[in-house]
Amino acid sequence: MTQLQLLLAESLRSLRASLSTTFAATMTVLIAMFLLGVSIALGSWVVSWSNNVKKDVQVKAFFCTENTCAEAVSDQQVGAVQRWLEADPRIKEGGVTFVSKAEALEIMRERSPELVKDLTYNPLPDAFEIQPKRAEDVEAIAADLRRQTFAGVEKVDYGRATARRIIRVGQVISIIFFGVVVLLLAASGLLIANTIRLSIYARRREIEVMKLVGASNWFVRGPFMLEGLFTGFAGALLAVILLLLGKEIALPAILGRVDADSDVQALAFAWTALILLGLGLLLGAAGSGLTLRRFLRV
């Protein structure tokens, strides 16, 4: 306990003695964590939007109609297709929906009444709408369903061009988001390490003297790592406060102009704040500890 108190006292003394470098390190962490927080919020929202768009990717199995079938589709034929679909692990639980020809006509009347107002009969087929767990599986599900050659199933469709475009866009968005986060983390670590290096370099004589009188590496490194922890936490905390102000003041005005589904959500602010505080502590301690290594070779 006495040794810990000594390390804390030495660290606080060091912070007071080098206020300019401490301020520079704190501002560096603040800027880096603020940019990272904005990237996490924006990136997670875009990924959520991409995943929400993927929900519209469906496989549709159309049964034949009176004009294309020798006889009407039976309940046994419909049941056989449904059982096969519900047993497929790639399909979401409850993701198999039967749409009768009467229901399809009502949907068409709501969406495009001008197309059905003069119809004297119902030309639409019965169909299954199939929602996969992963949008990337639609092509494989459609291909397997075609190979089954179920009696009564006339056509299997999944909007090939549109589905591939949606999946490709979602993959690109995810790659860009994770790439930006990794890049910001690397840049933050380098900026913090360089700033702390200036502070350590200014006190290199003090470190050399401590080593010459027999101080252990961890005794020398301790105050600097605590100093890194303090500056990292302070910078990350200020970044969280700025992000909170932006969330409460600027975000409502922005969202009022964006037409988005209620299912599209960014990562919860509490999780973003915890990530930033944890990274601030980690980068501050790691930056000072790793930078100090070269000065401990006395």
# chains A, B, ... in the order shown; residues from 1 in each chain; ligands from 1
$ select_by_dssp --residues "segment 44-229 of chain A" --states "strand (DSSP E)" --output "MDAnalysis selection string"
chainID A and resid 59:63 91:99 127:132 153:157
$ residues_around --residues "Leu242 of chain A" --least-positions-apart "3" --cutoff "12 Å" --atoms "only C-alpha atoms" --output "JSON, numbers by chain"
{"A": [30, 31, 33, 34, 35, 37, 38, 235, 236, 237, 238, 239, 245, 246, 247, 248, 249, 250, 273]}
$ write_last_selection --atoms "N, CA and C atoms" --output "PDB file, in the first residue's frame"
ATOM      1  N   LEU A  30      -8.277  13.195 -26.283  1.00  0.00           N
ATOM      2  CA  LEU A  30      -9.614  13.749 -26.493  1.00  0.00           C
ATOM      3  C   LEU A  30      -9.989  13.729 -27.975  1.00  0.00           C
ATOM      4  N   ILE A  31      -9.106  14.255 -28.814  1.00  0.00           N
ATOM      5  CA  ILE A  31      -9.404  14.325 -30.252  1.00  0.00           C
ATOM      6  C   ILE A  31      -9.529  12.919 -30.841  1.00  0.00           C
ATOM      7  N   MET A  33     -10.199  10.019 -29.310  1.00  0.00           N
ATOM      8  CA  MET A  33     -11.371   9.295 -28.818  1.00  0.00           C
ATOM      9  C   MET A  33     -12.677   9.897 -29.335  1.00  0.00           C
ATOM     10  N   PHE A  34     -12.695  11.218 -29.524  1.00  0.00           N
ATOM     11  CA  PHE A  34     -13.898  11.852 -30.079  1.00  0.00           C
ATOM     12  C   PHE A  34     -14.133  11.371 -31.512  1.00  0.00           C
ATOM     13  N   LEU A  35     -13.070  11.381 -32.321  1.00  0.00           N
ATOM     14  CA  LEU A  35     -13.201  10.909 -33.699  1.00  0.00           C
ATOM     15  C   LEU A  35     -13.585   9.433 -33.741  1.00  0.00           C
ATOM     16  N   GLY A  37     -15.234   7.815 -31.380  1.00  0.00           N
ATOM     17  CA  GLY A  37     -16.624   7.707 -30.939  1.00  0.00           C
ATOM     18  C   GLY A  37     -17.600   8.050 -32.047  1.00  0.00           C
ATOM     19  N   VAL A  38     -17.306   9.124 -32.801  1.00  0.00           N
ATOM     20  CA  VAL A  38     -18.163   9.487 -33.934  1.00  0.00           C
ATOM     21  C   VAL A  38     -18.164   8.370 -34.973  1.00  0.00           C
ATOM     22  N   GLY A 235      -8.773  12.379 -21.101  1.00  0.00           N
ATOM     23  CA  GLY A 235      -9.090  12.690 -22.495  1.00  0.00           C
ATOM     24  C   GLY A 235     -10.308  11.940 -22.980  1.00  0.00           C
ATOM     25  N   ALA A 236     -10.408  10.642 -22.642  1.00  0.00           N
ATOM     26  CA  ALA A 236     -11.562   9.847 -23.059  1.00  0.00           C
ATOM     27  C   ALA A 236     -12.847  10.348 -22.397  1.00  0.00           C
ATOM     28  N   LEU A 237     -12.756  10.747 -21.107  1.00  0.00           N
ATOM     29  CA  LEU A 237     -13.938  11.263 -20.408  1.00  0.00           C
ATOM     30  C   LEU A 237     -14.437  12.559 -21.046  1.00  0.00           C
ATOM     31  N   LEU A 238     -13.514  13.445 -21.404  1.00  0.00           N
ATOM     32  CA  LEU A 238     -13.905  14.682 -22.086  1.00  0.00           C
ATOM     33  C   LEU A 238     -14.536  14.384 -23.446  1.00  0.00           C
ATOM     34  N   ALA A 239     -13.996  13.384 -24.150  1.00  0.00           N
ATOM     35  CA  ALA A 239     -14.570  12.990 -25.441  1.00  0.00           C
ATOM     36  C   ALA A 239     -15.983  12.461 -25.259  1.00  0.00           C
ATOM     37  N   LEU A 245     -23.033  15.684 -25.414  1.00  0.00           N
ATOM     38  CA  LEU A 245     -23.621  16.969 -25.801  1.00  0.00           C
ATOM     39  C   LEU A 245     -24.093  16.941 -27.251  1.00  0.00           C
ATOM     40  N   GLY A 246     -23.276  16.342 -28.121  1.00  0.00           N
ATOM     41  CA  GLY A 246     -23.682  16.228 -29.520  1.00  0.00           C
ATOM     42  C   GLY A 246     -24.905  15.362 -29.683  1.00  0.00           C
ATOM     43  N   LYS A 247     -24.986  14.286 -28.889  1.00  0.00           N
ATOM     44  CA  LYS A 247     -26.146  13.384 -28.953  1.00  0.00           C
ATOM     45  C   LYS A 247     -27.419  14.094 -28.526  1.00  0.00           C
ATOM     46  N   GLU A 248     -27.326  14.921 -27.494  1.00  0.00           N
ATOM     47  CA  GLU A 248     -28.513  15.584 -26.967  1.00  0.00           C
ATOM     48  C   GLU A 248     -28.892  16.848 -27.735  1.00  0.00           C
ATOM     49  N   ILE A 249     -27.904  17.502 -28.362  1.00  0.00           N
ATOM     50  CA  ILE A 249     -28.174  18.793 -29.012  1.00  0.00           C
ATOM     51  C   ILE A 249     -28.239  18.668 -30.529  1.00  0.00           C
ATOM     52  N   ALA A 250     -27.181  18.094 -31.119  1.00  0.00           N
ATOM     53  CA  ALA A 250     -27.092  18.081 -32.589  1.00  0.00           C
ATOM     54  C   ALA A 250     -27.845  16.909 -33.214  1.00  0.00           C
ATOM     55  N   ALA A 273     -19.478   4.744 -24.755  1.00  0.00           N
ATOM     56  CA  ALA A 273     -18.739   5.433 -23.689  1.00  0.00           C
ATOM     57  C   ALA A 273     -17.784   4.473 -22.979  1.00  0.00           C
TER      58      ALA A 273
END
$ residues_around --residues "segment 123-129 of chain A" --least-positions-apart "5" --cutoff "6 Å" --atoms "only C-alpha atoms" --output "ChimeraX atom specification"
/A:60-63,65,96-101
$ closest_residue --among "A:Leu244, A:Ala143, A:Leu282, A:Ile207" --to "Val59 of chain A" --atoms "only C-alpha atoms"
A:Ala143
$ closest_residue --among "A:Leu42, A:Ala161, A:Val213, A:Leu105" --to "Leu267 of chain A" --atoms "only C-alpha atoms"
A:Leu42
$ closest_residue --among "A:Leu281, A:Cys64, A:Ala87, A:Leu198" --to "Lys155 of chain A" --atoms "only C-alpha atoms"
A:Cys64
$ residues_around --residues "Glu93 of chain A" --least-positions-apart "3" --cutoff "12 Å" --atoms "only C-alpha atoms" --output "list of chain:residue names"
A:Leu85, A:Glu86, A:Ala87, A:Asp88, A:Pro89, A:Arg90, A:Val96, A:Thr97, A:Ile130, A:Gln131, A:Pro132, A:Lys133
$ atom_distance --atom1 "atom CA of Ile167 of chain A" --atom2 "atom CA of Ala266 of chain A"
19.9 Å
$ atom_distance --atom1 "atom CA of Ala187 of chain A" --atom2 "atom CA of Gly287 of chain A"
11.9 Å
$ residues_around --residues "Gln76 of chain A" --least-positions-apart "4" --cutoff "12 Å" --atoms "only C-alpha atoms" --output "list in words"
Ala72, Ala80, Val81, Gln82, Arg83, Phe150, Ala151 and Gly152 of chain A
$ write_last_selection --atoms "N, CA and C atoms" --output "PDB file, in the first residue's frame"
ATOM      1  N   ALA A  72     -55.621 -28.070 -60.149  1.00  0.00           N
ATOM      2  CA  ALA A  72     -55.355 -27.116 -59.075  1.00  0.00           C
ATOM      3  C   ALA A  72     -54.307 -27.674 -58.110  1.00  0.00           C
ATOM      4  N   ALA A  80     -46.035 -30.100 -48.450  1.00  0.00           N
ATOM      5  CA  ALA A  80     -44.724 -30.708 -48.683  1.00  0.00           C
ATOM      6  C   ALA A  80     -43.640 -29.641 -48.844  1.00  0.00           C
ATOM      7  N   VAL A  81     -43.962 -28.597 -49.579  1.00  0.00           N
ATOM      8  CA  VAL A  81     -43.001 -27.507 -49.755  1.00  0.00           C
ATOM      9  C   VAL A  81     -42.739 -26.810 -48.425  1.00  0.00           C
ATOM     10  N   GLN A  82     -43.795 -26.572 -47.654  1.00  0.00           N
ATOM     11  CA  GLN A  82     -43.646 -25.867 -46.380  1.00  0.00           C
ATOM     12  C   GLN A  82     -42.805 -26.664 -45.400  1.00  0.00           C
ATOM     13  N   ARG A  83     -43.019 -27.968 -45.335  1.00  0.00           N
ATOM     14  CA  ARG A  83     -42.234 -28.799 -44.408  1.00  0.00           C
ATOM     15  C   ARG A  83     -40.755 -28.786 -44.786  1.00  0.00           C
ATOM     16  N   PHE A 150     -40.535 -29.739 -56.720  1.00  0.00           N
ATOM     17  CA  PHE A 150     -41.807 -30.032 -56.062  1.00  0.00           C
ATOM     18  C   PHE A 150     -42.944 -29.920 -57.068  1.00  0.00           C
ATOM     19  N   ALA A 151     -43.900 -30.809 -56.951  1.00  0.00           N
ATOM     20  CA  ALA A 151     -45.083 -30.750 -57.815  1.00  0.00           C
ATOM     21  C   ALA A 151     -45.869 -29.483 -57.509  1.00  0.00           C
ATOM     22  N   GLY A 152     -46.225 -28.735 -58.527  1.00  0.00           N
ATOM     23  CA  GLY A 152     -47.014 -27.525 -58.359  1.00  0.00           C
ATOM     24  C   GLY A 152     -46.197 -26.257 -58.307  1.00  0.00           C
TER      25      GLY A 152
END
$ select_by_dssp --residues "segment 51-275 of chain A" --states "helix (DSSP H, G or I)" --output "short mmCIF file (atom, residue, chain, number, x, y, z; two decimals) with C-alpha atoms, in the first residue's frame"
data_model
loop_
_atom_site.label_atom_id
_atom_site.label_comp_id
_atom_site.auth_asym_id
_atom_site.auth_seq_id
_atom_site.Cartn_x
_atom_site.Cartn_y
_atom_site.Cartn_z
CA ASN A 51 -28.61 -5.21 -42.12
CA ASN A 52 -32.12 -3.77 -42.11
CA VAL A 53 -32.07 -3.46 -45.91
CA LYS A 54 -30.91 -7.08 -46.13
CA ASP A 75 -52.99 -28.75 -49.89
CA GLN A 76 -50.65 -31.78 -49.81
CA GLN A 77 -48.35 -30.18 -52.39
CA VAL A 78 -48.30 -26.90 -50.45
CA GLY A 79 -47.65 -28.78 -47.18
CA ALA A 80 -44.72 -30.71 -48.68
CA VAL A 81 -43.00 -27.51 -49.76
CA GLN A 82 -43.65 -25.87 -46.38
CA ARG A 83 -42.23 -28.80 -44.41
CA TRP A 84 -39.06 -28.81 -46.52
CA LEU A 85 -38.60 -25.07 -46.06
CA GLU A 86 -39.19 -25.13 -42.31
CA LYS A 101 -53.63 -15.78 -54.56
CA ALA A 102 -56.49 -13.85 -52.91
CA GLU A 103 -54.06 -12.20 -50.45
CA ALA A 104 -51.66 -11.43 -53.29
CA LEU A 105 -54.47 -9.68 -55.19
CA GLU A 106 -55.38 -7.58 -52.14
CA ILE A 107 -51.74 -6.56 -51.71
CA MET A 108 -51.60 -5.60 -55.38
CA ARG A 109 -54.78 -3.52 -55.00
CA GLU A 110 -53.19 -1.59 -52.14
CA ARG A 111 -49.86 -1.02 -53.89
CA PRO A 113 -54.69 -0.28 -57.82
CA GLU A 114 -54.48 0.96 -61.41
CA LEU A 115 -53.02 -2.40 -62.50
CA VAL A 116 -55.88 -4.55 -61.18
CA ALA A 135 -29.12 -12.56 -46.91
CA GLU A 136 -26.02 -14.21 -48.38
CA ASP A 137 -27.85 -17.58 -48.39
CA VAL A 138 -30.72 -16.58 -50.71
CA GLU A 139 -29.02 -17.84 -53.88
CA ALA A 140 -28.20 -21.24 -52.37
CA ILE A 141 -31.72 -21.64 -50.91
CA ALA A 142 -33.31 -20.78 -54.26
CA ALA A 143 -31.02 -23.21 -56.10
CA ASP A 144 -31.79 -26.05 -53.66
CA LEU A 145 -35.51 -25.37 -53.88
CA ARG A 146 -35.39 -25.54 -57.68
CA ARG A 147 -33.54 -28.88 -57.52
CA GLN A 148 -36.31 -30.39 -55.38
CA ARG A 160 -30.91 -11.98 -58.33
CA ALA A 161 -29.51 -8.60 -59.44
CA THR A 162 -31.08 -6.63 -56.58
CA ALA A 163 -30.13 -9.20 -53.94
CA ARG A 164 -26.51 -9.32 -55.08
CA ARG A 165 -26.30 -5.53 -55.11
CA ILE A 166 -27.71 -5.26 -51.57
CA ILE A 167 -25.36 -7.96 -50.25
CA ARG A 168 -22.33 -6.37 -51.93
CA VAL A 169 -23.15 -2.93 -50.55
CA GLY A 170 -23.58 -4.38 -47.05
CA GLN A 171 -20.21 -6.15 -47.23
CA VAL A 172 -18.44 -3.00 -48.45
CA ILE A 173 -20.00 -0.91 -45.65
CA SER A 174 -18.89 -3.42 -43.00
CA ILE A 175 -15.32 -3.56 -44.35
CA ILE A 176 -15.05 0.25 -44.51
CA PHE A 177 -16.41 0.63 -40.96
CA PHE A 178 -13.99 -1.85 -39.40
CA GLY A 179 -11.12 -0.47 -41.48
CA VAL A 180 -11.78 3.08 -40.26
CA VAL A 181 -11.96 1.92 -36.62
CA VAL A 182 -8.65 0.03 -36.91
CA LEU A 183 -7.01 3.00 -38.64
CA LEU A 184 -8.20 5.43 -35.97
CA LEU A 185 -6.98 3.12 -33.20
CA ALA A 186 -3.55 2.88 -34.80
CA ALA A 187 -3.36 6.65 -35.35
CA SER A 188 -4.52 7.29 -31.77
CA GLY A 189 -1.88 4.98 -30.35
CA LEU A 190 0.89 6.65 -32.37
CA LEU A 191 -0.22 10.17 -31.44
CA ILE A 192 -0.46 9.33 -27.75
CA ALA A 193 2.88 7.50 -27.77
CA ASN A 194 4.63 10.43 -29.47
CA THR A 195 3.15 12.95 -27.05
CA ILE A 196 4.15 10.89 -24.03
CA ARG A 197 7.60 10.34 -25.56
CA LEU A 198 8.18 14.12 -25.39
CA SER A 199 7.30 14.13 -21.70
CA ILE A 200 9.60 11.19 -20.97
CA TYR A 201 12.43 12.63 -23.06
CA ALA A 202 12.31 15.86 -21.07
CA ARG A 204 15.39 11.29 -19.25
CA ARG A 205 18.11 12.50 -16.83
CA GLU A 206 15.81 11.81 -13.89
CA ILE A 207 15.17 8.29 -15.19
CA GLU A 208 18.86 7.63 -15.67
CA VAL A 209 19.63 8.76 -12.11
CA MET A 210 16.87 6.53 -10.69
CA LYS A 211 18.25 3.55 -12.60
CA LEU A 212 21.83 4.26 -11.46
CA ASN A 217 12.31 -1.04 -14.10
CA TRP A 218 8.77 -1.32 -12.74
CA PHE A 219 9.44 1.29 -10.05
CA VAL A 220 10.58 3.71 -12.73
CA ARG A 221 7.83 2.73 -15.16
CA GLY A 222 5.01 2.86 -12.58
CA PRO A 223 4.56 6.66 -12.24
CA PHE A 224 4.72 7.13 -16.01
CA MET A 225 2.13 4.42 -16.63
CA LEU A 226 -0.13 5.98 -13.99
CA GLU A 227 0.41 9.32 -15.67
CA GLY A 228 -0.61 7.71 -18.98
CA LEU A 229 -3.68 6.23 -17.30
CA PHE A 230 -4.72 9.61 -15.89
CA THR A 231 -4.25 11.48 -19.17
CA GLY A 232 -5.92 8.70 -21.18
CA PHE A 233 -8.91 8.55 -18.86
CA ALA A 234 -9.25 12.34 -18.70
CA GLY A 235 -9.09 12.69 -22.49
CA ALA A 236 -11.56 9.85 -23.06
CA LEU A 237 -13.94 11.26 -20.41
CA LEU A 238 -13.90 14.68 -22.09
CA ALA A 239 -14.57 12.99 -25.44
CA VAL A 240 -17.56 11.15 -23.94
CA ILE A 241 -18.92 14.44 -22.56
CA LEU A 242 -18.58 16.10 -25.98
CA LEU A 243 -20.28 13.14 -27.65
CA LEU A 244 -23.09 13.27 -25.08
CA LEU A 245 -23.62 16.97 -25.80
CA GLY A 246 -23.68 16.23 -29.52
CA LYS A 247 -26.15 13.38 -28.95
CA GLU A 248 -28.51 15.58 -26.97
CA ILE A 249 -28.17 18.79 -29.01
CA ALA A 250 -27.09 18.08 -32.59
CA LEU A 251 -28.40 14.54 -33.18
CA PRO A 252 -32.15 15.30 -32.83
CA ALA A 253 -31.84 18.01 -35.50
CA ILE A 254 -30.02 15.60 -37.85
CA LEU A 255 -32.37 12.66 -37.31
CA PHE A 269 -24.27 5.27 -26.16
CA ALA A 270 -23.44 3.55 -22.87
CA TRP A 271 -21.46 0.88 -24.73
CA THR A 272 -19.69 3.52 -26.85
CA ALA A 273 -18.74 5.43 -23.69
CA LEU A 274 -17.37 2.28 -22.00
CA ILE A 275 -15.37 1.40 -25.13
#
